[in-house]
>>> print(open('entry-v6.cif').read())   # mmCIF, C-alpha atoms and all ligand atoms
data_input
loop_
_atom_site.label_atom_id
_atom_site.label_comp_id
_atom_site.auth_asym_id
_atom_site.auth_seq_id
_atom_site.Cartn_x
_atom_site.Cartn_y
_atom_site.Cartn_z
CA MET A 1 89.00 -24.85 -43.11
CA ASN A 2 91.23 -25.99 -45.87
CA ARG A 3 94.26 -27.59 -44.26
CA ARG A 4 95.87 -28.41 -47.58
CA TYR A 5 96.63 -24.83 -48.55
CA ARG A 6 96.80 -22.86 -45.31
CA LYS A 7 97.25 -23.02 -41.58
CA THR A 8 94.27 -23.27 -39.25
CA ILE A 9 94.82 -20.90 -36.33
CA ILE A 10 92.83 -20.75 -33.12
CA ALA A 11 93.79 -17.54 -31.32
CA GLY A 12 92.57 -16.21 -28.00
CA ASN A 13 92.29 -12.48 -27.41
CA TRP A 14 92.42 -11.90 -23.68
CA LYS A 15 91.90 -8.12 -23.98
CA MET A 16 92.48 -6.36 -20.61
CA ASN A 17 91.96 -9.54 -18.59
CA MET A 18 94.15 -11.94 -16.63
CA THR A 19 97.03 -11.17 -14.28
CA ALA A 20 100.35 -13.02 -14.51
CA SER A 21 99.26 -15.48 -11.81
CA GLU A 22 95.93 -16.06 -13.56
CA THR A 23 97.92 -16.71 -16.74
CA ARG A 24 99.89 -19.47 -14.97
CA LYS A 25 96.68 -20.96 -13.60
CA PHE A 26 95.07 -20.93 -17.06
CA ALA A 27 98.07 -22.80 -18.50
CA GLU A 28 97.85 -25.39 -15.70
CA ASP A 29 94.14 -25.87 -16.40
CA MET A 30 94.84 -26.25 -20.11
CA ARG A 31 97.58 -28.79 -19.44
CA ALA A 32 95.19 -30.83 -17.28
CA ILE A 33 92.60 -31.01 -20.11
CA ALA A 34 95.24 -31.72 -22.79
CA PRO A 35 94.00 -30.14 -26.04
CA ARG A 36 94.27 -32.10 -29.28
CA ALA A 37 96.00 -29.48 -31.40
CA LYS A 38 97.22 -31.82 -34.09
CA TRP A 39 96.05 -29.85 -37.10
CA CYS A 40 96.09 -26.27 -35.94
CA GLU A 41 98.28 -23.63 -34.41
CA VAL A 42 97.11 -22.29 -31.05
CA VAL A 43 97.86 -18.71 -30.05
CA VAL A 44 96.98 -16.74 -26.94
CA CYS A 45 97.22 -12.95 -27.30
CA VAL A 46 97.80 -11.51 -23.84
CA PRO A 47 98.23 -8.04 -22.28
CA ALA A 48 101.79 -6.85 -22.97
CA CYS A 49 102.78 -6.96 -19.29
CA ASN A 50 102.04 -10.71 -19.20
CA ILE A 51 103.97 -11.78 -22.28
CA THR A 52 106.95 -13.10 -20.32
CA ALA A 53 104.74 -14.96 -17.84
CA ALA A 54 102.69 -16.41 -20.69
CA THR A 55 105.76 -17.50 -22.65
CA LYS A 56 107.01 -19.44 -19.63
CA ALA A 57 103.60 -20.85 -18.71
CA PHE A 58 102.72 -22.04 -22.23
CA LYS A 59 106.18 -23.33 -23.10
CA ASP A 60 105.39 -27.06 -23.16
CA LEU A 61 101.84 -26.67 -24.37
CA HIS A 62 102.58 -25.80 -28.02
CA VAL A 63 100.80 -22.49 -27.57
CA SER A 64 102.32 -19.42 -29.23
CA VAL A 65 102.11 -16.15 -27.37
CA GLY A 66 100.70 -13.14 -29.15
CA ALA A 67 100.30 -9.44 -28.38
CA GLU A 68 97.16 -7.33 -28.68
CA ASN A 69 98.65 -4.21 -30.24
CA LEU A 70 101.90 -2.42 -31.08
CA TYR A 71 103.03 1.04 -32.07
CA TYR A 72 104.47 1.44 -35.55
CA GLU A 73 107.45 3.70 -34.81
CA LYS A 74 110.78 1.95 -34.19
CA SER A 75 111.62 3.80 -30.96
CA GLY A 76 111.54 7.28 -29.46
CA ALA A 77 109.44 9.65 -27.42
CA PHE A 78 106.13 7.78 -27.46
CA THR A 79 105.37 7.34 -23.78
CA GLY A 80 103.42 4.22 -22.97
CA GLU A 81 103.80 2.61 -26.37
CA ILE A 82 105.45 -0.69 -27.32
CA SER A 83 107.34 -1.28 -30.58
CA ALA A 84 107.33 -4.31 -32.86
CA ASP A 85 110.99 -5.03 -32.06
CA MET A 86 110.25 -5.02 -28.32
CA LEU A 87 107.52 -7.63 -28.82
CA LYS A 88 109.64 -9.72 -31.15
CA ASP A 89 112.48 -9.69 -28.63
CA LEU A 90 110.11 -11.21 -26.03
CA GLY A 91 109.35 -14.09 -28.40
CA VAL A 92 106.00 -12.80 -29.68
CA LYS A 93 104.95 -14.45 -32.93
CA TYR A 94 101.49 -12.98 -33.61
CA VAL A 95 100.09 -9.52 -32.96
CA ILE A 96 96.49 -8.38 -33.27
CA ILE A 97 96.19 -5.20 -35.34
CA GLY A 98 93.12 -3.00 -35.74
CA HIS A 99 90.77 -4.76 -33.35
CA SER A 100 87.41 -2.98 -33.40
CA GLU A 101 87.84 -2.02 -29.73
CA ARG A 102 91.04 -0.20 -30.66
CA ARG A 103 89.30 1.46 -33.60
CA GLN A 104 86.34 2.43 -31.40
CA TYR A 105 88.05 3.53 -28.14
CA PHE A 106 91.61 4.43 -29.14
CA GLY A 107 91.26 6.18 -32.48
CA GLU A 108 92.79 3.43 -34.61
CA THR A 109 92.23 4.16 -38.31
CA ASP A 110 92.78 2.25 -41.56
CA PHE A 111 95.89 4.42 -41.98
CA SER A 112 97.41 3.49 -38.59
CA VAL A 113 96.41 -0.14 -39.11
CA ASN A 114 98.42 -0.20 -42.34
CA LYS A 115 101.48 1.30 -40.62
CA LYS A 116 101.22 -1.26 -37.82
CA VAL A 117 100.90 -4.14 -40.30
CA HIS A 118 104.15 -2.99 -41.97
CA ALA A 119 105.89 -2.66 -38.59
CA ALA A 120 104.82 -6.17 -37.50
CA LEU A 121 105.94 -7.74 -40.76
CA GLU A 122 109.24 -5.90 -40.77
CA ALA A 123 109.96 -7.25 -37.28
CA GLY A 124 109.17 -10.78 -38.48
CA MET A 125 105.82 -11.23 -36.74
CA HIS A 126 102.46 -12.31 -38.12
CA PRO A 127 99.83 -9.57 -37.90
CA ILE A 128 96.27 -10.73 -37.20
CA ILE A 129 94.42 -7.96 -39.03
CA CYS A 130 90.88 -7.38 -37.79
CA VAL A 131 88.16 -6.14 -40.13
CA GLY A 132 84.42 -5.99 -39.65
CA GLU A 133 81.27 -3.95 -40.04
CA SER A 134 79.02 -2.38 -37.43
CA LEU A 135 75.34 -3.27 -37.22
CA GLU A 136 74.40 0.03 -38.91
CA GLN A 137 76.77 -0.68 -41.79
CA ARG A 138 75.32 -4.19 -42.20
CA GLU A 139 71.79 -2.80 -42.17
CA LEU A 140 72.74 -0.17 -44.76
CA GLY A 141 73.94 -2.98 -47.03
CA ILE A 142 77.52 -1.69 -47.25
CA THR A 143 79.29 -4.59 -45.50
CA MET A 144 81.26 -5.76 -48.55
CA GLU A 145 82.35 -2.26 -49.60
CA LEU A 146 83.55 -1.59 -46.08
CA ILE A 147 85.40 -4.91 -45.77
CA ALA A 148 87.09 -4.38 -49.16
CA LEU A 149 88.22 -0.92 -48.05
CA GLN A 150 89.57 -2.21 -44.71
CA VAL A 151 91.40 -5.15 -46.33
CA LYS A 152 92.86 -3.06 -49.15
CA SER A 153 94.02 -0.27 -46.88
CA ALA A 154 95.50 -2.66 -44.28
CA LEU A 155 97.53 -4.40 -47.01
CA ALA A 156 98.54 -1.30 -48.98
CA GLY A 157 102.22 -1.58 -49.92
CA VAL A 158 102.58 -5.12 -48.53
CA SER A 159 104.39 -7.48 -50.91
CA ALA A 160 102.87 -10.80 -52.04
CA GLU A 161 105.54 -12.68 -50.10
CA LYS A 162 104.65 -10.85 -46.89
CA VAL A 163 100.90 -11.12 -47.34
CA ARG A 164 101.29 -14.89 -46.91
CA LYS A 165 102.44 -14.13 -43.33
CA CYS A 166 99.30 -12.12 -42.55
CA VAL A 167 96.19 -13.50 -40.90
CA ILE A 168 92.92 -11.69 -41.55
CA ALA A 169 90.19 -11.94 -38.92
CA TYR A 170 86.63 -11.15 -39.94
CA GLU A 171 85.03 -9.78 -36.79
CA PRO A 172 81.59 -8.25 -37.24
CA VAL A 173 81.47 -5.56 -34.56
CA TRP A 174 77.88 -6.46 -33.65
CA ALA A 175 79.00 -9.99 -32.73
CA ILE A 176 81.94 -9.11 -30.48
CA GLY A 177 81.29 -9.71 -26.81
CA THR A 178 77.54 -9.57 -27.41
CA GLY A 179 76.77 -13.29 -27.43
CA LYS A 180 75.34 -12.76 -30.97
CA THR A 181 77.25 -14.92 -33.42
CA ALA A 182 77.10 -14.42 -37.17
CA THR A 183 75.42 -17.41 -38.78
CA SER A 184 77.86 -19.71 -40.52
CA GLU A 185 76.41 -18.47 -43.85
CA GLN A 186 76.99 -14.81 -42.94
CA ALA A 187 80.52 -15.53 -41.68
CA ALA A 188 81.38 -17.71 -44.69
CA GLU A 189 80.04 -15.13 -47.15
CA VAL A 190 82.32 -12.39 -45.81
CA CYS A 191 85.37 -14.67 -45.35
CA THR A 192 85.02 -15.84 -48.97
CA PHE A 193 84.70 -12.21 -50.03
CA ILE A 194 87.92 -11.38 -48.15
CA ARG A 195 89.75 -14.17 -49.98
CA THR A 196 88.38 -12.86 -53.29
CA THR A 197 89.62 -9.38 -52.41
CA VAL A 198 93.10 -10.79 -51.64
CA ARG A 199 92.95 -12.74 -54.91
CA HIS A 200 92.23 -9.58 -56.90
CA LEU A 201 95.21 -7.90 -55.25
CA TYR A 202 97.76 -10.75 -55.24
CA GLY A 203 96.49 -13.63 -57.39
CA ALA A 204 95.00 -17.03 -56.62
CA ARG A 205 98.08 -18.78 -55.22
CA VAL A 206 98.65 -16.13 -52.57
CA ALA A 207 94.94 -15.85 -51.76
CA ARG A 208 94.57 -19.55 -51.09
CA SER A 209 97.52 -19.50 -48.67
CA VAL A 210 96.18 -16.74 -46.40
CA THR A 211 94.54 -17.78 -43.12
CA ILE A 212 91.19 -16.06 -42.62
CA GLN A 213 89.60 -16.35 -39.18
CA TYR A 214 86.13 -15.62 -37.91
CA GLY A 215 85.73 -13.81 -34.58
CA GLY A 216 82.60 -12.78 -32.70
CA SER A 217 81.14 -14.86 -29.86
CA MET A 218 82.74 -18.08 -31.10
CA LYS A 219 82.20 -20.74 -28.44
CA PRO A 220 82.24 -24.53 -28.06
CA ALA A 221 78.60 -24.76 -29.20
CA ASN A 222 79.12 -23.02 -32.56
CA ALA A 223 82.82 -23.53 -33.33
CA ALA A 224 82.57 -26.77 -35.33
CA GLU A 225 79.85 -25.37 -37.60
CA LEU A 226 81.75 -22.12 -38.27
CA LEU A 227 85.05 -23.94 -38.82
CA SER A 228 83.46 -26.36 -41.27
CA GLN A 229 83.15 -23.50 -43.78
CA PRO A 230 85.90 -23.81 -46.42
CA ASP A 231 87.05 -20.18 -46.14
CA ILE A 232 87.05 -20.00 -42.33
CA ASP A 233 90.49 -21.13 -41.23
CA GLY A 234 90.20 -20.62 -37.50
CA GLY A 235 88.88 -18.29 -34.89
CA LEU A 236 89.80 -15.18 -32.95
CA ILE A 237 88.16 -15.76 -29.61
CA GLY A 238 87.50 -13.28 -26.81
CA GLY A 239 85.22 -14.35 -23.95
CA ALA A 240 85.50 -18.11 -24.51
CA ALA A 241 89.32 -17.86 -24.51
CA LEU A 242 89.26 -16.83 -20.85
CA LYS A 243 88.04 -20.25 -19.73
CA ALA A 244 90.53 -23.05 -20.35
CA LYS A 245 87.77 -25.64 -20.81
CA ASP A 246 85.91 -23.63 -23.47
CA PHE A 247 89.10 -22.67 -25.25
CA VAL A 248 90.26 -26.30 -25.38
CA GLU A 249 86.86 -27.39 -26.71
CA ILE A 250 87.19 -24.87 -29.54
CA ILE A 251 90.73 -26.13 -30.26
CA ASN A 252 89.38 -29.68 -30.35
CA ALA A 253 86.62 -28.60 -32.75
CA ALA A 254 89.33 -27.38 -35.13
CA ASN A 255 91.16 -30.69 -34.90
CA GLN A 256 88.57 -33.23 -35.87
CA ASP A 257 89.96 -35.72 -38.40
C1 LIG B 301 87.28 -10.49 -29.92
O1 LIG B 301 87.37 -9.63 -29.05
O2 LIG B 301 88.13 -10.55 -30.81
C2 LIG B 301 86.15 -11.41 -29.86
C3 LIG B 301 85.89 -12.13 -30.90
O3 LIG B 301 85.43 -11.42 -28.68
P1 LIG B 301 84.23 -12.41 -28.30
O4 LIG B 301 84.64 -13.81 -28.70
O5 LIG B 301 84.05 -12.27 -26.84
O6 LIG B 301 83.04 -11.97 -29.08
#
>>> encode(input="entry-v6.cif", output="C-alpha cells")
Amino acid sequence: MNRRYRKTIIAGNWKMNMTASETRKFAEDMRAIAPRAKWCEVVVCVPACNITAATKAFKDLHVSVGAENLYYEKSGAFTGEISADMLKDLGVKYVIIGHSERRQYFGETDFSVNKKVHAALEAGMHPIICVGESLEQRELGITMELIALQVKSALAGVSAEKVRKCVIAYEPVWAIGTGKTATSEQAAEVCTFIRTTVRHLYGARVARSVTIQYGGSMKPANAAELLSQPDIDGGLIGGAALKAKDFVEIINAANQD
C-alpha cells in the first residue's frame, strides 16, 4: 500500500451469493464487530437484485455498494441486461468489469471489457477492472505479455483524467476460489508490472495515483503480508467476503497504523 498517493480499497465480490435478507444479516454482523476502516475505502459488490437492500443495510457502516457487471449500451432491446445509468441511479459507486468468471462462462472479451469500462466511467462510476493469467499461461511464461495486453485493451481510449478513477485488480485465475494464493512476491511482481504499464501509457503521476488490488484467495491469514507490498493497494475478495468476521479482519489488516 502507499496511502500517500492513492486510495486503499478493500472490496468484496459476493458473486451469485447472498439473498436480500442474508445481506441485512451480514451488515448486522459487521456492525457488531465494528471494522476499523480508518485508512481505506470498503466496498461490497453484490448481485444486482440486492443493490437496494445493500445500500440500506450498509448505510451507517461506511461501506460503498458495488455491482458485479453492467452492459455497455445505454438502453434498448437487451433483455436481462443492466446499464451503467441504472446502476448509478441506485447509488452504485464501483462496478467490477471483466472478472475471469465472466470471461470464462459468459464470453467476456478484452473488447467488451473496454466498452464496459467506458460505459462505467461515462456514468460516473469507478470500474474495478480484473486482469489475470491462467495456470497454463503462467507456466508458458507469458504472464506479463498477457497482463499488458489486458490492461492496454481495457484502457484503450480512456483519458488520463479518467484513468485515475479506475481500479485495476490483479486476479490470477489459478488463485480464484481455489484456496491457492499467489505468494506476496508473485502478486507484487505483477502489480508493479501493471503500474509500469500504466506509467508507459499515461506517465508517472497518473500511474502512482491508480489503485491496484490483488485478488485470489485473500483471507485474514495472508492479507497483511499481501497488503504490505508497496504496489498492492487493497484486495478484491470472494470467499472471505461472505463471512463478516473474515471480511472485517481483512479490513483491519489494511488499516494498521
Ligand atoms: C474473486 O472472485 O474475485 C476472488 C478473488 O475470489 P476468492 O477470494 O474466493 O479467490
>>> residues_near_point(input="entry-v6.cif", point="(93.4, -2.8, -29.6)", cutoff="12 Å", atoms="all atoms listed in the file", output="PyMOL selection string")
chain A and resi 13-16+45-48+67-71+95-109+112-113+116+128-130
>>> residues_near_point(input="entry-v6.cif", point="(84.7, -8.9, -42.6)", cutoff="6 Å", atoms="all atoms listed in the file", output="MDAnalysis selection string")
chainID A and resid 131:132 147 170:171 190
>>> residues_near_ligand(input="entry-v6.cif", ligand="ligand LIG 301 (chain B)", cutoff="8 Å", atoms="only C-alpha atoms and all ligand atoms", output="PyMOL selection string")
chain A and resi 12-15+99-101+171+175-181+214-219+235-241
>>> atom_distance(input="entry-v6.cif", atom1="atom CA of Arg24 of chain A", atom2="atom CA of Ala224 of chain A")
27.7 Å
>>> atom_distance(input="entry-v6.cif", atom1="atom CA of Asn252 of chain A", atom2="atom CA of Asn2 of chain A")
16.1 Å
>>> residues_around(input="entry-v6.cif", residues="segment 205-211 of chain A", least_positions_apart="2", cutoff="7 Å", atoms="only C-alpha atoms", output="list in words")
Tyr5, Arg6, Lys7, Thr8, Ala160, Arg164, Cys166, Val167, Ile168, Arg195, Val198, Arg199, Tyr202, Gly203, Gln213 and Asp233 of chain A
>>> closest_residue(input="entry-v6.cif", among="A:Val173, A:Lys243, A:Lys115, A:Glu22", to="Gln137 of chain A", atoms="all atoms listed in the file")
A:Val173
>>> atom_distance(input="entry-v6.cif", atom1="atom CA of Glu185 of chain A", atom2="atom CA of Ala204 of chain A")
22.6 Å
